[in-house]
Structures are given as C-alpha cells and as structure tokens.
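Colleague: So here's data_25.tsv, just TSV, C-alpha atoms:
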```tsv
chain	number	residue	atom	x	y	z
A	1	MET	CA	0.00	0.00	0.00
A	2	SER	CA	1.34	3.41	-0.94
A	3	GLN	CA	2.41	5.58	1.98
A	4	LYS	CA	1.92	8.77	-0.03
A	5	LYS	CA	-1.00	10.92	1.10
A	6	SER	CA	-3.59	12.05	-1.42
A	7	PHE	CA	-4.36	15.70	-1.98
A	8	LYS	CA	-7.69	15.27	-0.12
A	9	GLU	CA	-5.89	13.77	2.88
A	10	LYS	CA	-3.37	16.59	2.91
A	11	LEU	CA	-6.18	19.15	2.67
A	12	LYS	CA	-8.05	17.43	5.50
A	13	ASN	CA	-4.94	17.39	7.69
A	14	PHE	CA	-4.25	21.04	6.97
A	15	GLY	CA	-7.86	21.92	7.84
A	16	GLU	CA	-7.56	20.09	11.17
A	17	TYR	CA	-4.27	21.86	11.88
A	18	PHE	CA	-5.78	25.25	11.04
A	19	ARG	CA	-8.82	24.62	13.25
A	20	GLY	CA	-6.42	23.61	16.04
A	21	ILE	CA	-4.85	27.05	15.88
A	22	LEU	CA	-8.16	28.90	15.87
A	23	PHE	CA	-9.90	26.70	18.42
A	24	PRO	CA	-7.19	25.03	20.52
A	25	HIS	CA	-8.06	22.12	22.77
A	26	GLY	CA	-6.20	20.70	25.73
A	27	ILE	CA	-4.77	24.02	26.95
A	28	LYS	CA	-4.22	23.47	30.65
A	29	CYS	CA	-3.57	25.56	33.72
A	30	ILE	CA	0.19	25.80	34.33
A	31	PHE	CA	-0.34	25.35	38.07
A	32	CYS	CA	-2.94	22.60	38.51
A	33	GLY	CA	-3.28	21.03	35.06
A	34	ASP	CA	-7.03	21.60	34.70
A	35	GLU	CA	-8.20	22.38	31.18
A	36	LEU	CA	-8.90	26.04	30.47
A	37	ASN	CA	-11.93	27.41	28.67
A	38	GLY	CA	-10.02	30.09	26.77
A	39	THR	CA	-11.00	33.09	28.92
A	40	GLU	CA	-8.55	32.76	31.82
A	41	MET	CA	-5.49	34.97	32.31
A	42	ASN	CA	-1.84	33.89	32.12
A	43	ASN	CA	-2.70	30.24	31.35
A	44	THR	CA	-4.06	30.02	34.88
A	45	CYS	CA	-7.48	28.66	35.87
A	46	THR	CA	-9.83	30.80	37.96
A	47	ASP	CA	-9.34	28.68	41.08
A	48	CYS	CA	-5.55	28.97	40.96
A	49	LEU	CA	-5.70	32.65	40.08
A	50	HIS	CA	-7.37	33.29	43.42
A	51	SER	CA	-5.51	30.73	45.54
A	52	LEU	CA	-1.86	31.02	44.49
A	53	PRO	CA	0.67	31.91	47.24
A	54	TYR	CA	1.00	35.59	46.32
A	55	ILE	CA	3.23	37.83	48.42
A	56	ASN	CA	0.73	40.21	49.98
A	57	ASN	CA	2.86	42.09	52.51
A	58	ALA	CA	6.31	42.45	50.99
A	59	CYS	CA	9.51	43.55	52.67
A	60	PRO	CA	10.43	46.86	50.98
A	61	ARG	CA	14.05	45.71	50.67
A	62	CYS	CA	14.10	42.04	49.59
A	63	GLY	CA	10.48	41.59	48.50
A	64	GLY	CA	9.82	38.58	50.73
A	65	GLU	CA	6.68	38.06	52.79
A	66	ILE	CA	6.69	39.66	56.23
A	67	ALA	CA	4.17	39.60	59.08
A	68	GLU	CA	1.22	41.97	58.69
A	69	GLU	CA	2.14	43.89	61.83
A	70	ASN	CA	5.70	44.50	60.60
A	71	SER	CA	5.86	47.87	58.85
A	72	GLY	CA	9.63	47.91	58.33
A	73	VAL	CA	12.10	45.60	56.64
A	74	CYS	CA	12.25	41.90	57.47
A	75	VAL	CA	14.62	40.37	60.02
A	76	ASP	CA	17.01	39.12	57.32
A	77	CYS	CA	17.32	42.59	55.77
A	78	LYS	CA	18.17	44.09	59.16
A	79	ILE	CA	21.13	41.70	59.35
A	80	ASN	CA	22.30	41.28	55.75
A	81	ASN	CA	23.73	43.84	53.37
A	82	TYR	CA	22.76	43.57	49.71
A	83	ASN	CA	24.23	45.18	46.62
A	84	PHE	CA	20.85	45.68	44.96
A	85	LYS	CA	18.59	48.59	45.86
A	86	ASN	CA	15.37	46.58	46.09
A	87	ALA	CA	14.07	43.15	45.10
A	88	PHE	CA	10.56	42.13	44.06
A	89	ALA	CA	8.78	38.78	43.82
A	90	VAL	CA	5.37	37.51	42.78
A	91	PHE	CA	4.90	34.34	44.85
A	92	ASN	CA	6.07	32.73	48.03
A	93	TYR	CA	8.07	29.68	46.99
A	94	THR	CA	5.51	27.13	48.21
A	95	ASP	CA	2.65	24.94	46.99
A	96	LYS	CA	1.68	25.30	43.32
A	97	ALA	CA	4.22	28.04	42.63
A	98	LEU	CA	7.05	25.78	43.82
A	99	SER	CA	5.90	22.75	41.82
A	100	THR	CA	5.48	24.80	38.64
A	101	ILE	CA	8.95	26.35	38.95
A	102	HIS	CA	10.38	22.85	39.47
A	103	LYS	CA	8.68	21.65	36.28
A	104	PHE	CA	10.08	24.65	34.42
A	105	LYS	CA	13.58	24.46	35.86
A	106	TYR	CA	14.21	20.71	36.13
A	107	GLY	CA	11.48	19.19	33.97
A	108	GLY	CA	12.49	20.95	30.76
A	109	ARG	CA	9.09	22.63	30.31
A	110	LYS	CA	10.40	25.76	28.66
A	111	PHE	CA	6.92	26.78	27.47
A	112	LEU	CA	6.16	27.83	31.07
A	113	SER	CA	8.47	30.82	30.66
A	114	LYS	CA	5.93	32.94	28.77
A	115	PRO	CA	3.04	32.82	31.28
A	116	LEU	CA	5.44	33.09	34.24
A	117	SER	CA	7.12	36.13	32.69
A	118	MET	CA	3.68	37.73	32.40
A	119	TYR	CA	3.39	37.53	36.18
A	120	LEU	CA	6.82	39.20	36.45
A	121	ALA	CA	5.76	41.97	34.08
A	122	GLN	CA	2.58	42.60	36.04
A	123	ARG	CA	4.56	42.73	39.28
A	124	ILE	CA	7.24	45.16	38.10
A	125	ALA	CA	4.55	47.44	36.64
A	126	THR	CA	3.46	48.20	40.21
A	127	GLU	CA	6.93	49.52	41.12
A	128	ASN	CA	8.63	52.79	40.24
A	129	VAL	CA	11.47	51.05	38.40
A	130	LEU	CA	12.46	51.93	34.83
A	131	PRO	CA	15.52	49.83	33.93
A	132	ASP	CA	17.82	50.80	31.09
A	133	ILE	CA	18.89	47.16	30.74
A	134	VAL	CA	17.42	43.83	31.83
A	135	THR	CA	19.75	40.90	32.44
A	136	SER	CA	19.54	37.48	34.10
A	137	ILE	CA	21.54	35.39	36.53
A	138	PRO	CA	23.91	33.32	34.37
A	139	ILE	CA	24.66	29.67	35.03
A	140	HIS	CA	28.02	27.96	34.58
A	141	LYS	CA	28.68	26.31	31.22
A	142	GLU	CA	28.85	22.86	32.83
A	143	LYS	CA	25.40	23.27	34.35
A	144	LEU	CA	24.14	24.64	31.05
A	145	LYS	CA	25.29	21.43	29.34
A	146	GLN	CA	23.25	19.38	31.81
A	147	ARG	CA	20.08	21.49	31.81
A	148	LYS	CA	20.29	22.57	28.14
A	149	PHE	CA	18.91	26.04	28.94
A	150	ASN	CA	19.08	28.83	31.51
A	151	GLN	CA	15.59	29.28	32.93
A	152	ALA	CA	16.37	32.79	34.24
A	153	GLU	CA	17.47	33.88	30.77
A	154	LEU	CA	14.25	32.55	29.22
A	155	LEU	CA	12.17	34.44	31.80
A	156	ALA	CA	14.13	37.66	31.24
A	157	LYS	CA	13.85	37.49	27.45
A	158	ASP	CA	10.11	36.81	27.56
A	159	PHE	CA	9.74	39.58	30.13
A	160	CYS	CA	11.46	41.99	27.71
A	161	SER	CA	9.27	40.84	24.82
A	162	LEU	CA	6.24	41.80	26.90
A	163	THR	CA	7.56	45.08	28.31
A	164	GLY	CA	9.76	46.41	25.51
A	165	TYR	CA	12.84	46.65	27.73
A	166	THR	CA	16.27	45.74	26.37
A	167	TYR	CA	17.73	42.36	27.33
A	168	ILE	CA	21.52	41.89	27.39
A	169	ASN	CA	23.38	38.86	28.71
A	170	LEU	CA	25.78	41.05	30.66
A	171	CYS	CA	27.76	38.52	32.71
A	172	GLU	CA	29.03	34.98	32.73
A	173	LYS	CA	29.51	32.63	35.64
A	174	VAL	CA	33.18	31.68	35.75
A	175	ILE	CA	33.13	29.44	38.85
A	176	ASN	CA	30.96	26.34	38.98
A	177	THR	CA	29.83	26.80	42.57
A	178	PRO	CA	28.49	23.91	44.69
A	179	SER	CA	24.77	23.75	45.47
A	180	GLN	CA	23.58	26.37	47.95
A	181	THR	CA	20.45	24.52	49.08
A	182	THR	CA	21.53	23.89	52.67
A	183	LEU	CA	23.68	27.00	53.20
A	184	ALA	CA	22.93	30.07	55.31
A	185	PHE	CA	23.30	33.58	53.87
A	186	SER	CA	26.90	34.08	55.06
A	187	GLU	CA	27.88	30.68	53.63
A	188	ARG	CA	26.08	31.35	50.36
A	189	LYS	CA	27.78	34.73	50.13
A	190	ALA	CA	31.21	33.10	50.53
A	191	ASN	CA	30.23	30.35	48.08
A	192	VAL	CA	29.41	32.76	45.24
A	193	LYS	CA	32.18	35.29	45.91
A	194	ASP	CA	33.76	36.48	42.64
A	195	CYS	CA	31.92	33.82	40.61
A	196	PHE	CA	30.60	36.30	38.02
A	197	LYS	CA	32.46	38.30	35.40
A	198	LEU	CA	31.18	41.11	33.18
A	199	ASN	CA	31.37	40.41	29.45
A	200	LYS	CA	33.95	43.01	28.43
A	201	GLN	CA	32.04	44.30	25.41
A	202	TYR	CA	29.38	45.73	27.74
A	203	LYS	CA	31.74	47.76	29.93
A	204	GLN	CA	30.61	51.07	28.40
A	205	GLU	CA	27.05	49.82	27.89
A	206	ILE	CA	26.31	49.63	31.62
A	207	LYS	CA	28.01	52.85	32.73
A	208	ASP	CA	25.58	54.89	34.88
A	209	LYS	CA	22.71	52.59	33.91
A	210	THR	CA	19.85	51.17	35.99
A	211	ILE	CA	19.81	47.40	35.63
A	212	LEU	CA	17.07	44.92	36.46
A	213	VAL	CA	18.33	41.40	37.23
A	214	ILE	CA	15.88	38.51	36.80
A	215	ASP	CA	16.08	35.07	38.38
A	216	ASP	CA	13.52	32.32	38.88
A	217	VAL	CA	13.95	31.88	42.65
A	218	PHE	CA	15.16	34.30	45.34
A	219	THR	CA	16.20	32.51	48.54
A	220	THR	CA	18.68	34.50	50.62
A	221	GLY	CA	19.61	36.98	47.88
A	222	ALA	CA	23.31	36.08	48.02
A	223	THR	CA	23.58	35.16	44.33
A	224	SER	CA	21.64	38.20	43.11
A	225	SER	CA	23.67	40.45	45.39
A	226	GLU	CA	26.95	39.07	44.07
A	227	LEU	CA	25.93	39.64	40.46
A	228	CYS	CA	24.83	43.19	41.31
A	229	LYS	CA	28.20	43.78	43.00
A	230	THR	CA	29.92	42.83	39.73
A	231	LEU	CA	27.70	45.24	37.78
A	232	LEU	CA	28.19	48.12	40.23
A	233	LEU	CA	31.96	47.66	40.33
A	234	ASN	CA	31.92	47.95	36.53
A	235	GLY	CA	30.05	51.25	36.50
A	236	ALA	CA	26.33	50.52	36.77
A	237	LYS	CA	24.32	53.21	38.58
A	238	GLU	CA	21.97	50.92	40.53
A	239	CYS	CA	20.52	47.44	40.40
A	240	TYR	CA	17.14	45.90	41.18
```
As structure tokens, please, write out the structure in this file.
Modeller:
Amino acid sequence: MSQKKSFKEKLKNFGEYFRGILFPHGIKCIFCGDELNGTEMNNTCTDCLHSLPYINNACPRCGGEIAEENSGVCVDCKINNYNFKNAFAVFNYTDKALSTIHKFKYGGRKFLSKPLSMYLAQRIATENVLPDIVTSIPIHKEKLKQRKFNQAELLAKDFCSLTGYTYINLCEKVINTPSQTTLAFSERKANVKDCFKLNKQYKQEIKDKTILVIDDVFTTGATSSELCKTLLLNGAKECY
C-alpha cells in the first residue's frame, strides 16, 4: 500500500491543523493542570488565580513576605547587606508556585516561561522602576550542558518581549559553585564570591545605567547580590 497521502488527505490534515490554531483544545492551567476554557489569564485557571501563594505584605528591601504587623524591613534585611537597591517577587516559593517552577527548571518545560514572565511583568509594573537594561543570573557552562537552557534567561527574554525593555546577557559565571540549598546567607555569600564576570564588550554599555536582574527563585539573595556587585563595580548606577 502506498504511503503517499492524497491531496484530499493533505487538505483534511491542513484543515484540522488550522482549526487547532483557531480553536485550541487541551490548553491546561500551568499550576494545577485543569483544562482552560479560553478566557482565563496567564494560562491560569480561575481557582488557581485566586488561591496562588502571592506575596501580599512584601519587605520593601528584599520583597519577601513579612508579618502583617511588621511595617519595616524583614529580620534578614536588618542583618544582611545587599548590593541591589530593592528586590521584588510575585509568589512565596511554596505549593503550586514551587511545583510549577520545578517543572520549568528541572522538567524541561520551557513553554512555562511565557506565562510566568507575564506575572513578572505585572509585578514590576506596580513599582517605580524603569531599567535601562534587563539581564539574568547566568549559570556555569557545565550546568548549562546538563540542563540545556538557563531558565532565568528565558524568563528575562520573555519579560522583555512583553515590556519592551532591552535584554543583554551582561555577565558569565566563571566558577561552577556547589549547590547552595543547605547553606545560610553568610555561607552562600562566601560560596558565590567572585563567581561572576562582566562580558567586556558591555563595559561602556552599563556605565551609569539602571539594571534589572531577573532570576527564577530568590532565597537569601546572596547570588543576586553578588551579580549586582559585579555590575556596580563595573560602573552601573543601581541594580534591582
């Protein structure tokens, strides 16, 4: 039997493909997996949209959740010194937000970058921050070989596509640092010391510029702070 498709079969297949674009089926919520009806925001079902672990009372310094009665900075920010001016986050790293980031970061689900970056864009729109350049936390080339992509870079590029800001891969990670999962801030700070280097061609590009650094997860802020230190030492005006 011939394996060649007839013109009618090709036309039928094309029609099904075209209808699939106009009327997609099987689009699911990125957080719970329930099928969407086409009217929800950010690829998120109505239930998740109202129940996600949003940060409602943010520390004005690091962006993390603080107790309602606390009107100042959090305990960590009273102790630790950061090289960024302020940090912002959308979710507490728990529940559905945690599982979705894990799928994105370790499960190879790169398509999650676009809806997640929409949340980032909505969050930064509430702040008085107008960056000249957006960059991302780089990962070491050995880790890049294993993971095949840098999730922070994907988020930052999609964020810039939505907002119109300029993305530049300003730095590279020159030391393949051990995992920081179990380390305290002081240990993490020592672990990432001098691990980033500015790409020389951007030396003049960043002079007196405001730079927004994007990462997928903010834990103690040691990594972000170290990257910002590198940018500031090379002439950047301020970092967020």
Colleague: Applying 12 Å and all atoms listed in the file, which residues near A:Pro60 remain after dropping the ones on its own chain fewer than 5 positions away? List them as number ranges by chain.
Modeller: A: 55, 65-66, 70-78, 85-89, 127, 240
Colleague: Could you turn the residues from that selection into a file that holds C-alpha atoms, as an mmCIF file, in the coordinates of the input?
Modeller:
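Output file again-v1.cif follows:
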```cif
data_model
loop_
_atom_site.group_PDB
_atom_site.id
_atom_site.type_symbol
_atom_site.label_atom_id
_atom_site.label_comp_id
_atom_site.auth_asym_id
_atom_site.auth_seq_id
_atom_site.Cartn_x
_atom_site.Cartn_y
_atom_site.Cartn_z
ATOM 1 C CA ILE A 55 3.230 37.830 48.420
ATOM 2 C CA GLU A 65 6.680 38.060 52.790
ATOM 3 C CA ILE A 66 6.690 39.660 56.230
ATOM 4 C CA ASN A 70 5.700 44.500 60.600
ATOM 5 C CA SER A 71 5.860 47.870 58.850
ATOM 6 C CA GLY A 72 9.630 47.910 58.330
ATOM 7 C CA VAL A 73 12.100 45.600 56.640
ATOM 8 C CA CYS A 74 12.250 41.900 57.470
ATOM 9 C CA VAL A 75 14.620 40.370 60.020
ATOM 10 C CA ASP A 76 17.010 39.120 57.320
ATOM 11 C CA CYS A 77 17.320 42.590 55.770
ATOM 12 C CA LYS A 78 18.170 44.090 59.160
ATOM 13 C CA LYS A 85 18.590 48.590 45.860
ATOM 14 C CA ASN A 86 15.370 46.580 46.090
ATOM 15 C CA ALA A 87 14.070 43.150 45.100
ATOM 16 C CA PHE A 88 10.560 42.130 44.060
ATOM 17 C CA ALA A 89 8.780 38.780 43.820
ATOM 18 C CA GLU A 127 6.930 49.520 41.120
ATOM 19 C CA TYR A 240 17.140 45.900 41.180
#
```
Colleague: Quick one: of A:Phe84, A:Thr126, A:Glu172, A:Pro138, who's nearest to A:Glu238, counting all atoms listed in the file?
Modeller: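 Nearest to A:Glu238: A:Phe84.
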Colleague: Dig up all the protein and nucleic acid residues within 12 Å of (11.0, 43.8, 26.5) in the file frame, using only C-alpha atoms, and format them as a list in words.
Modeller: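 Output: Ser117, Met118, Leu120, Ala121, Leu130, Pro131, Asp132, Ile133, Val134, Thr135, Leu155, Ala156, Lys157, Asp158, Phe159, Cys160, Ser161, Leu162, Thr163, Gly164, Tyr165, Thr166, Tyr167, Ile168 and Leu212 of chain A.
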Colleague: So, with only C-alpha atoms as the atoms that count, which of A:Asp34, A:Ser136, A:Thr223, A:Lys148 lies closest to A:Ser179?
Modeller: A:Thr223
Colleague: Restricting the calculation to all atoms listed in the file, which member of A:Gln146, A:Thr210, A:Asn57, A:Asn83 is positioned closest to A:Leu227?
Modeller: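 That would be A:Asn83, the residue with the smallest distance to A:Leu227.
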Colleague: Set the distance at 9 Å and use all atoms listed in the file: which residues neighbour stretch 191-204 of chain A once local chain neighbours fewer than 4 positions away are removed? I'd like the list as a PyMOL selection string.
Modeller: chain A and resi 138+168-180+183+186-187+222-223+226-227+230-231+234-235
Colleague: Within 9 Å of A:Phe104, counting all atoms listed in the file, which residues qualify if same-chain residues fewer than 6 places away don't, as a list of chain:residue names?
Modeller: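 Using all atoms listed in the file, the neighbours found are A:Lys110, A:Phe111, A:Leu112, A:Ser113, A:Gln151.
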Colleague: Under the rule that all atoms listed in the file are counted, which of A:Asn43, A:Asn150, A:Asn37, A:Ser224 is the nearest residue to A:Cys62?
Modeller: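 Using all atoms listed in the file, A:Cys62 sits closest to A:Ser224.
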Colleague: Of the candidates A:Leu233, A:Thr219, A:Gly64, A:His102, which shows the shortest atom-to-atom distance to A:Thr181, using all atoms listed in the file?
Modeller: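 Ranking A:Leu233, A:Thr219, A:Gly64, A:His102 by distance to A:Thr181, first place goes to A:Thr219.
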Colleague: Supply stretch 50-61 of chain A as a CSV table (one decimal), in the coordinates of the input, with all heavy atoms built in where the input has gaps.
Modeller:
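Written out: part_24.csv:
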```
chain,number,residue,atom,x,y,z
A,50,HIS,N,-7.0,32.7,42.1
A,50,HIS,CA,-7.4,33.3,43.4
A,50,HIS,C,-6.7,32.6,44.6
A,50,HIS,O,-6.9,33.1,45.8
A,50,HIS,CB,-8.9,33.2,43.6
A,50,HIS,CG,-9.6,34.1,42.6
A,50,HIS,ND1,-10.2,33.7,41.4
A,50,HIS,CD2,-9.8,35.5,42.6
A,50,HIS,CE1,-10.7,34.7,40.8
A,50,HIS,NE2,-10.5,35.8,41.4
A,51,SER,N,-6.0,31.5,44.4
A,51,SER,CA,-5.5,30.7,45.5
A,51,SER,C,-4.0,30.6,45.5
A,51,SER,O,-3.4,29.9,46.4
A,51,SER,CB,-6.2,29.3,45.6
A,51,SER,OG,-5.8,28.6,44.4
A,52,LEU,N,-3.3,31.1,44.6
A,52,LEU,CA,-1.9,31.0,44.5
A,52,LEU,C,-1.2,31.7,45.7
A,52,LEU,O,-1.8,32.7,46.2
A,52,LEU,CB,-1.3,31.6,43.2
A,52,LEU,CG,-1.6,30.7,41.9
A,52,LEU,CD1,-1.4,31.5,40.6
A,52,LEU,CD2,-0.8,29.5,41.9
A,53,PRO,N,0.0,31.3,46.1
A,53,PRO,CA,0.7,31.9,47.2
A,53,PRO,C,1.3,33.3,46.9
A,53,PRO,O,2.5,33.4,47.0
A,53,PRO,CB,1.7,30.9,47.6
A,53,PRO,CG,2.1,30.2,46.3
A,53,PRO,CD,0.8,30.2,45.5
A,54,TYR,N,0.5,34.2,46.6
A,54,TYR,CA,1.0,35.6,46.3
A,54,TYR,C,1.7,36.2,47.6
A,54,TYR,O,1.3,35.9,48.7
A,54,TYR,CB,-0.1,36.5,45.9
A,54,TYR,CG,-0.8,36.1,44.6
A,54,TYR,CD1,-2.1,35.5,44.7
A,54,TYR,CD2,-0.3,36.3,43.4
A,54,TYR,CE1,-2.8,35.1,43.5
A,54,TYR,CE2,-0.9,36.0,42.2
A,54,TYR,CZ,-2.2,35.3,42.3
A,54,TYR,OH,-2.8,35.0,41.2
A,55,ILE,N,2.6,37.1,47.3
A,55,ILE,CA,3.2,37.8,48.4
A,55,ILE,C,2.4,39.1,48.6
A,55,ILE,O,2.3,39.9,47.7
A,55,ILE,CB,4.7,38.2,48.1
A,55,ILE,CG1,5.6,37.0,48.1
A,55,ILE,CG2,5.2,39.2,49.1
A,55,ILE,CD1,7.0,37.2,47.6
A,56,ASN,N,1.7,39.1,49.7
A,56,ASN,CA,0.7,40.2,50.0
A,56,ASN,C,1.3,41.4,50.8
A,56,ASN,O,0.9,42.5,50.7
A,56,ASN,CB,-0.5,39.6,50.7
A,56,ASN,CG,-1.2,38.6,49.8
A,56,ASN,OD1,-1.6,38.9,48.7
A,56,ASN,ND2,-1.5,37.4,50.3
A,57,ASN,N,2.2,41.1,51.7
A,57,ASN,CA,2.9,42.1,52.5
A,57,ASN,C,4.4,42.0,52.4
A,57,ASN,O,5.0,41.3,53.1
A,57,ASN,CB,2.4,41.9,54.0
A,57,ASN,CG,2.8,43.1,54.8
A,57,ASN,OD1,2.7,44.3,54.4
A,57,ASN,ND2,3.3,42.9,56.0
A,58,ALA,N,4.9,42.6,51.4
A,58,ALA,CA,6.3,42.4,51.0
A,58,ALA,C,7.3,43.3,51.8
A,58,ALA,O,7.0,44.5,52.1
A,58,ALA,CB,6.5,42.7,49.5
A,59,CYS,N,8.4,42.8,52.1
A,59,CYS,CA,9.5,43.6,52.7
A,59,CYS,C,9.9,44.6,51.6
A,59,CYS,O,10.2,44.2,50.5
A,59,CYS,CB,10.7,42.6,53.0
A,59,CYS,SG,12.2,43.5,53.5
A,60,PRO,N,10.1,45.8,52.0
A,60,PRO,CA,10.4,46.9,51.0
A,60,PRO,C,11.9,46.7,50.5
A,60,PRO,O,12.2,47.4,49.5
A,60,PRO,CB,10.2,48.2,51.7
A,60,PRO,CG,10.4,47.8,53.2
A,60,PRO,CD,9.8,46.4,53.3
A,61,ARG,N,12.6,45.9,51.1
A,61,ARG,CA,14.0,45.7,50.7
A,61,ARG,C,14.2,44.5,49.8
A,61,ARG,O,14.7,44.6,48.7
A,61,ARG,CB,14.9,45.6,51.9
A,61,ARG,CG,16.4,45.5,51.6
A,61,ARG,CD,17.0,46.9,51.4
A,61,ARG,NE,18.4,46.9,51.3
A,61,ARG,CZ,19.2,46.7,50.3
A,61,ARG,NH1,18.6,46.6,49.1
A,61,ARG,NH2,20.5,46.7,50.3
```
